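Peer 1: First, the structure itself, so that you have it in front of you.
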Amino acid sequence: MSVTGSDSLEAIRAQFAAGLDGRIEAMRSSLSRLEQAFRAEDADALSRTAHSLVGTAASFGAEALAEAARELENLALGFSARKSCGAEERAAAATALAGIEEAARKYQSATPSTEIGSLAARMAVVGELTSLINATFDLQEIFRSAILKVHRVLDFRRASVVLTDEALRHYYLHTVYDSLRGGFLMDQAVFSIEQGLTGEAIRSGRPIRVDSLPGTEGILSQAGRRVSAMIIPLRVGGRVMGALNFGHENSGRYTAEDLEWAVVLSRQIETALYYSKLLSTIAQQREDLARQHAAVQRQEHQLEALIDASDAAIMLVGRDRTIVYANAMMARLAGIPREAVVGATLDRIHHLLGGSFADRAALAPQERAISLDEPLNDQVEIAFPSRAVCKRVVAPVRDRDDSLIGHIVLYRDVTREVEAERMKSEFVSVASHELRTPMTSMKTALSLLLAGAAGPLEARARELLEIGVRNIDRLIRLVGDLLDLSRIKAGRMELHPEPVSLEQAVEFGVETVRAFAADQTVKIELRPPPEPLWVLATQDRLVQVIVNLVSNAIKFSSQGTHVVIRWWREDDWVITEVADEGPGIPADKLRTIFEPFRQLDSSSTRGHGGAGLGLTISQDIVQALGGELWAESEVGKGSRFFVRLAVTTEAAARSP
């Protein structure tokens, strides 16, 4: 048995190192404005940026950088508390910033740069894990969602989360997932903290990778086989509270890079756990206030101090629509003292918040979510006290008896994340454009060689050229998908719907994939309605959707089976169905197959190819056309994909 540890991820560290200059420039700008005149928003911006750098640098092992940033954060917090900063304090802040710059240069020089390759799927999962708190405050749901998301980028048969007791003497199974046993299990067990590799990881606080151990030891139960595993400690508030375990039935399955990825992903889960525990504690403390006012009041001061230290604006709305709690950030957003926010009516606060929004109409979904006890998770643009993009979360808060206590409202500044996403999208778009031309030229050259432009070819040479052409075609399709996805996400794909003959669009799409169907010995069967139907769409994009759905059906169909395409009218809509006789899709995967870079499992990816973008792009196109795309399936009985688009008439196509 060999055991190894890890503390970083080269590619992600390189991206972090590359982004340090932007963070330092932001802090330098805030400090420069403070040297001219004190403004609370500049002091807050300086402390927030330094606070963000402390956490991120610590996550990547840059302790010197984290310590330097922590010094600047403390100075900036002092500015905010005193509402002033004298010459000596500004000089101290400048010295701290110089220390950050020096530490950053050393970190950058020690961190090798790396090209951004096929990290898109893993980076997407990292981003999703950081926003788990936006979906739920429940620990069980956080762990289950995290395991399913990580499964998209990390191969494992079994994953589990263990938690420790308060005395750190035992750990117990909290959440268990086993892909061969149907998903999440109800297994329960308690172990001594001194027992097994999991106990060792919790005690040491260090991640462990195991290349080979007997299958009966802990993670997997397959007697007589050697298995591999990874164990990553989970920390909340500086204390190890448990561990995240991954197991594979084959020995030597995990590399050092896999362990590094698991560490990065676990730190995002830790962030979600921190906010989950924080917000659920707010609700619990408010419930106890009515029964044990004196005892809870002491704890409440500590809790509010903790939330005030957060960089998010948070308030709790009671059942009677009065503001029960608001932190300082929420008061700044409303533009009035916190004492005036707490106890105010929701209508009053919404009136004030409306003036902080770039578009006052963006407040309507928040009012609707609170009135209807519905969760809300979106982004809004704020104009006051400074322009920013905020992640907004509104969620009902319930007590142990499932009775409604009120609603939590949270705004978190994600301006930098949005800008980073925009820059990533632009990078993908530019890189894809730059790749398309040389790949097209290579395909043309190889095709000319296959056609005999350089003379007759031997059979072996022809086979190699054909392999090259096929793989260049795959790359060209991938580049096209990436370009489409970046345009859609950036809102640059302009669609101008007009009447389109559905029968003609289907025929064009089928003709495109006919050779592929013949190669797979799959027969395509069309079942048009008695009367022609026209839909409101754009022909090129509708054909693209049909090609994606039909080629996907062919890809997962067995030889000699059928793919059936039929369409019919339903009220003011036209429904198009693409049905195959393939293995089908499990019910819990019917939604996730539309996520980018998603395949049903790793074997599907290897066996059928593709980057998992076709369904994502198709759904985005259909939604942009005002329609809907969904799937229905039963394992072992094939899959059916449906497209719903608005009906129109041929006469409308001819009108000027």
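Numbering starts fresh at 1 for the residues of each chain in the structure tokens, the chains themselves are lettered A, B, ... in the order given, and ligands are numbered from 1 as they appear.
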May I have the residues within 9 Å of A:Lys555 as an NGL selection string, using only C-alpha atoms and disregarding those fewer than 2 positions away in the same chain?

Peer 2: :A and (516-517 or 520 or 550-553 or 557-558 or 582 or 608)

Peer 1: Those residues with C-alpha atoms, as an mmCIF file, in the first residue's frame please?

Peer 2:
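To be explicit, this is the file written out as selection.cif:
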```cif
data_model
loop_
_atom_site.group_PDB
_atom_site.id
_atom_site.type_symbol
_atom_site.label_atom_id
_atom_site.label_comp_id
_atom_site.auth_asym_id
_atom_site.auth_seq_id
_atom_site.Cartn_x
_atom_site.Cartn_y
_atom_site.Cartn_z
ATOM 1 C CA PHE A 516 -23.636 8.556 -40.107
ATOM 2 C CA ALA A 517 -26.835 6.497 -39.707
ATOM 3 C CA GLN A 520 -24.052 2.709 -37.735
ATOM 4 C CA VAL A 550 -30.953 12.780 -34.330
ATOM 5 C CA SER A 551 -27.168 12.224 -34.308
ATOM 6 C CA ASN A 552 -27.340 11.741 -30.535
ATOM 7 C CA ALA A 553 -30.118 9.152 -30.988
ATOM 8 C CA SER A 557 -28.663 3.140 -30.812
ATOM 9 C CA SER A 558 -27.760 -0.475 -31.451
ATOM 10 C CA GLY A 582 -31.200 2.669 -27.152
ATOM 11 C CA HIS A 608 -19.305 7.452 -28.355
#
```

Peer 1: Excluding stretch 23-33 of chain A and residues on its chain fewer than 5 positions from it, collect all residues at most 12 Å away from it, counting only C-alpha atoms, and give them as a PyMOL selection string.

Peer 2: chain A and resi 16-18+38-54+56-57+65+68-69+72-73+75-76+79+85+87+89-105+416

Peer 1: So what do you get for atom CA of A:Tyr411 versus atom CA of A:Met330, distance-wise?

Peer 2: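 So the answer is 8.0 Å.
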
Peer 1: Which parts of stretch 366-407 of chain A does DSSP call strand (DSSP E or B) when run on the backbone here, written out as a ChimeraX atom specification?

Peer 2: /A:376-382,388-398,404-407

Peer 1: Could you check which of A:Arg591, A:Arg412, A:Arg226, A:Lys149 is closest to A:Arg392, using only C-alpha atoms?

Peer 2: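 Smallest separation from A:Arg392 among the options: A:Arg412.
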
Peer 1: Neighbouring residues of stretch 241-244 of chain A were defined as those with any atom within 10 Å, considering only C-alpha atoms; residues of the same chain fewer than 2 positions away were excluded. Please report them as a PyMOL selection string.

Peer 2: chain A and resi 143+147+159-166+168+170-175+198-199+201-203+205+207+230-239+246+262-263+266+269-270

Peer 1: Measuring atom to atom with only C-alpha atoms, identify which of A:Leu20, A:Ala454, A:Val409, A:Leu148 is nearest to A:Pro396.

Peer 2: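 Closest to A:Pro396, using only C-alpha atoms: A:Val409.
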
Peer 1: Nearest to A:Leu495: which of A:Leu180, A:Ile546, A:Val622, A:Val317 is it, counting only C-alpha atoms?

Peer 2: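 Among A:Leu180, A:Ile546, A:Val622, A:Val317, it is A:Val622 that comes nearest to A:Leu495.
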
Peer 1: Within stretch 17-206 of chain A, find each residue whose DSSP state, derived from the backbone, is alpha helix (DSSP H), and express the selection as a PyMOL selection string.

Peer 2: chain A and resi 17-18+20-36+40-59+63-82+87-110+120-130+139-151+196-204

Peer 1: Skipping near chain neighbours, those fewer than 4 positions away, what residues fall within 10 Å of A:Val393 using only C-alpha atoms, listed as an mmCIF file with N, CA, C and O atoms, in the first residue's frame?

Peer 2:
```cif
data_model
loop_
_atom_site.group_PDB
_atom_site.id
_atom_site.type_symbol
_atom_site.label_atom_id
_atom_site.label_comp_id
_atom_site.auth_asym_id
_atom_site.auth_seq_id
_atom_site.Cartn_x
_atom_site.Cartn_y
_atom_site.Cartn_z
ATOM 1 N N ILE A 133 -24.728 26.995 -1.679
ATOM 2 C CA ILE A 133 -25.549 27.652 -0.658
ATOM 3 C C ILE A 133 -26.729 28.378 -1.286
ATOM 4 O O ILE A 133 -27.750 28.609 -0.649
ATOM 5 N N ASN A 134 -26.600 28.733 -2.593
ATOM 6 C CA ASN A 134 -27.697 29.428 -3.253
ATOM 7 C C ASN A 134 -28.891 28.511 -3.486
ATOM 8 O O ASN A 134 -29.994 28.972 -3.769
ATOM 9 N N ALA A 135 -28.648 27.191 -3.422
ATOM 10 C CA ALA A 135 -29.731 26.256 -3.698
ATOM 11 C C ALA A 135 -30.375 25.707 -2.427
ATOM 12 O O ALA A 135 -31.567 25.439 -2.393
ATOM 13 N N ILE A 314 -27.130 40.791 4.194
ATOM 14 C CA ILE A 314 -28.064 39.762 4.660
ATOM 15 C C ILE A 314 -29.148 40.407 5.515
ATOM 16 O O ILE A 314 -28.866 41.284 6.333
ATOM 17 N N GLN A 366 -38.165 39.597 -6.214
ATOM 18 C CA GLN A 366 -37.920 39.426 -4.775
ATOM 19 C C GLN A 366 -39.225 39.535 -3.995
ATOM 20 O O GLN A 366 -39.491 38.733 -3.097
ATOM 21 N N ALA A 369 -41.228 36.353 -4.629
ATOM 22 C CA ALA A 369 -40.697 35.180 -3.939
ATOM 23 C C ALA A 369 -41.089 35.183 -2.467
ATOM 24 O O ALA A 369 -41.467 34.148 -1.908
ATOM 25 N N PRO A 375 -38.416 30.019 -3.379
ATOM 26 C CA PRO A 375 -36.996 30.395 -3.417
ATOM 27 C C PRO A 375 -36.685 31.216 -4.664
ATOM 28 O O PRO A 375 -37.358 31.099 -5.685
ATOM 29 N N LEU A 376 -35.677 32.056 -4.565
ATOM 30 C CA LEU A 376 -35.227 32.878 -5.702
ATOM 31 C C LEU A 376 -33.715 32.843 -5.719
ATOM 32 O O LEU A 376 -33.060 32.999 -4.687
ATOM 33 N N ASN A 377 -33.158 32.646 -6.898
ATOM 34 C CA ASN A 377 -31.704 32.608 -7.059
ATOM 35 C C ASN A 377 -31.378 33.238 -8.404
ATOM 36 O O ASN A 377 -31.571 32.625 -9.444
ATOM 37 N N ASP A 378 -30.916 34.495 -8.404
ATOM 38 C CA ASP A 378 -30.632 35.175 -9.660
ATOM 39 C C ASP A 378 -29.526 36.198 -9.462
ATOM 40 O O ASP A 378 -28.898 36.258 -8.408
ATOM 41 N N GLN A 379 -29.268 36.984 -10.517
ATOM 42 C CA GLN A 379 -28.277 38.048 -10.461
ATOM 43 C C GLN A 379 -28.951 39.381 -10.758
ATOM 44 O O GLN A 379 -29.835 39.454 -11.615
ATOM 45 N N HIS A 407 -38.156 34.807 5.877
ATOM 46 C CA HIS A 407 -37.380 34.640 4.652
ATOM 47 C C HIS A 407 -35.999 35.258 4.833
ATOM 48 O O HIS A 407 -35.874 36.347 5.386
ATOM 49 N N ILE A 408 -34.988 34.547 4.365
ATOM 50 C CA ILE A 408 -33.634 35.092 4.356
ATOM 51 C C ILE A 408 -33.412 35.746 2.992
ATOM 52 O O ILE A 408 -33.797 35.199 1.958
ATOM 53 N N VAL A 409 -32.838 36.934 2.989
ATOM 54 C CA VAL A 409 -32.510 37.648 1.749
ATOM 55 C C VAL A 409 -31.020 37.947 1.791
ATOM 56 O O VAL A 409 -30.518 38.501 2.773
ATOM 57 N N LEU A 410 -30.304 37.543 0.748
ATOM 58 C CA LEU A 410 -28.850 37.675 0.727
ATOM 59 C C LEU A 410 -28.403 38.242 -0.613
ATOM 60 O O LEU A 410 -28.858 37.805 -1.674
ATOM 61 N N TYR A 411 -27.525 39.240 -0.549
ATOM 62 C CA TYR A 411 -26.896 39.805 -1.753
ATOM 63 C C TYR A 411 -25.383 39.646 -1.597
ATOM 64 O O TYR A 411 -24.808 40.088 -0.609
ATOM 65 N N ARG A 412 -24.742 39.028 -2.579
ATOM 66 C CA ARG A 412 -23.292 38.857 -2.548
ATOM 67 C C ARG A 412 -22.681 39.426 -3.817
ATOM 68 O O ARG A 412 -23.132 39.125 -4.924
#
```

Peer 1: Separation of atom CA of A:Glu63 and atom CA of A:Thr111, in Å?

Peer 2: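 Separation between atom CA of A:Glu63 and atom CA of A:Thr111: 14.1 Å.
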
Peer 1: Between A:Asn327, A:Gln544, A:Ser618, A:Thr322, which has the minimum distance to A:Phe508 (counting only C-alpha atoms)?

Peer 2: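 Selected residue with least distance to A:Phe508: A:Gln544.
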
Peer 1: Taking 4 positions as the minimum chain separation for residues in the same chain, which residues sit within 12 Å of A:Arg470 when counting only C-alpha atoms? Answer as an mmCIF file with N, CA and C atoms, in the first residue's frame.

Peer 2:
```cif
data_model
loop_
_atom_site.group_PDB
_atom_site.id
_atom_site.type_symbol
_atom_site.label_atom_id
_atom_site.label_comp_id
_atom_site.auth_asym_id
_atom_site.auth_seq_id
_atom_site.Cartn_x
_atom_site.Cartn_y
_atom_site.Cartn_z
ATOM 1 N N MET A 439 -7.383 24.354 -38.761
ATOM 2 C CA MET A 439 -7.954 23.007 -38.835
ATOM 3 C C MET A 439 -8.659 22.789 -40.176
ATOM 4 N N MET A 442 -5.975 22.175 -42.732
ATOM 5 C CA MET A 442 -5.437 20.818 -42.622
ATOM 6 C C MET A 442 -6.394 19.795 -43.218
ATOM 7 N N LYS A 443 -7.696 19.989 -42.975
ATOM 8 C CA LYS A 443 -8.664 19.047 -43.545
ATOM 9 C C LYS A 443 -8.649 19.104 -45.058
ATOM 10 N N LEU A 446 -5.489 17.290 -46.329
ATOM 11 C CA LEU A 446 -5.613 15.830 -46.219
ATOM 12 C C LEU A 446 -6.627 15.279 -47.218
ATOM 13 N N SER A 447 -7.716 16.016 -47.427
ATOM 14 C CA SER A 447 -8.736 15.567 -48.380
ATOM 15 C C SER A 447 -8.169 15.530 -49.790
ATOM 16 N N GLU A 463 -5.419 4.733 -45.119
ATOM 17 C CA GLU A 463 -6.080 4.513 -43.834
ATOM 18 C C GLU A 463 -5.675 5.580 -42.816
ATOM 19 N N LEU A 464 -4.378 5.905 -42.795
ATOM 20 C CA LEU A 464 -3.905 6.915 -41.852
ATOM 21 C C LEU A 464 -4.481 8.286 -42.174
ATOM 22 N N LEU A 465 -4.565 8.631 -43.467
ATOM 23 C CA LEU A 465 -5.141 9.922 -43.853
ATOM 24 C C LEU A 465 -6.618 9.995 -43.481
ATOM 25 N N GLU A 466 -7.352 8.895 -43.681
ATOM 26 C CA GLU A 466 -8.778 8.885 -43.332
ATOM 27 C C GLU A 466 -8.968 9.075 -41.827
ATOM 28 N N ARG A 474 -13.886 15.946 -36.040
ATOM 29 C CA ARG A 474 -14.334 16.008 -34.644
ATOM 30 C C ARG A 474 -13.883 17.306 -33.981
ATOM 31 N N LEU A 475 -12.642 17.718 -34.246
ATOM 32 C CA LEU A 475 -12.145 18.960 -33.668
ATOM 33 C C LEU A 475 -12.912 20.165 -34.192
ATOM 34 N N ILE A 476 -13.207 20.164 -35.482
ATOM 35 C CA ILE A 476 -13.961 21.281 -36.070
ATOM 36 C C ILE A 476 -15.348 21.361 -35.455
ATOM 37 N N ARG A 477 -15.997 20.198 -35.249
ATOM 38 C CA ARG A 477 -17.318 20.205 -34.614
ATOM 39 C C ARG A 477 -17.234 20.721 -33.184
#
```

Peer 1: Can you pull out every residue within 7 Å of A:Ile405, counting only C-alpha atoms, but drop anything in the same chain fewer than 5 positions away, and send it as a PyMOL selection string?

Peer 2: chain A and resi 318-319+397-399

Peer 1: Find the residues around A:Leu449 up to 9 Å (only C-alpha atoms counted), leave out those fewer than 6 positions away in its own chain, and share them as a PyMOL selection string.

Peer 2: chain A and resi 455-457+462+465

Peer 1: Considering only C-alpha atoms, state which residue in the set A:Cys390, A:Ala459, A:Met329, A:Leu536 is at the smallest distance from A:Ala646.

Peer 2: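 Once distances to A:Ala646 are computed over only C-alpha atoms, the minimum belongs to A:Leu536.
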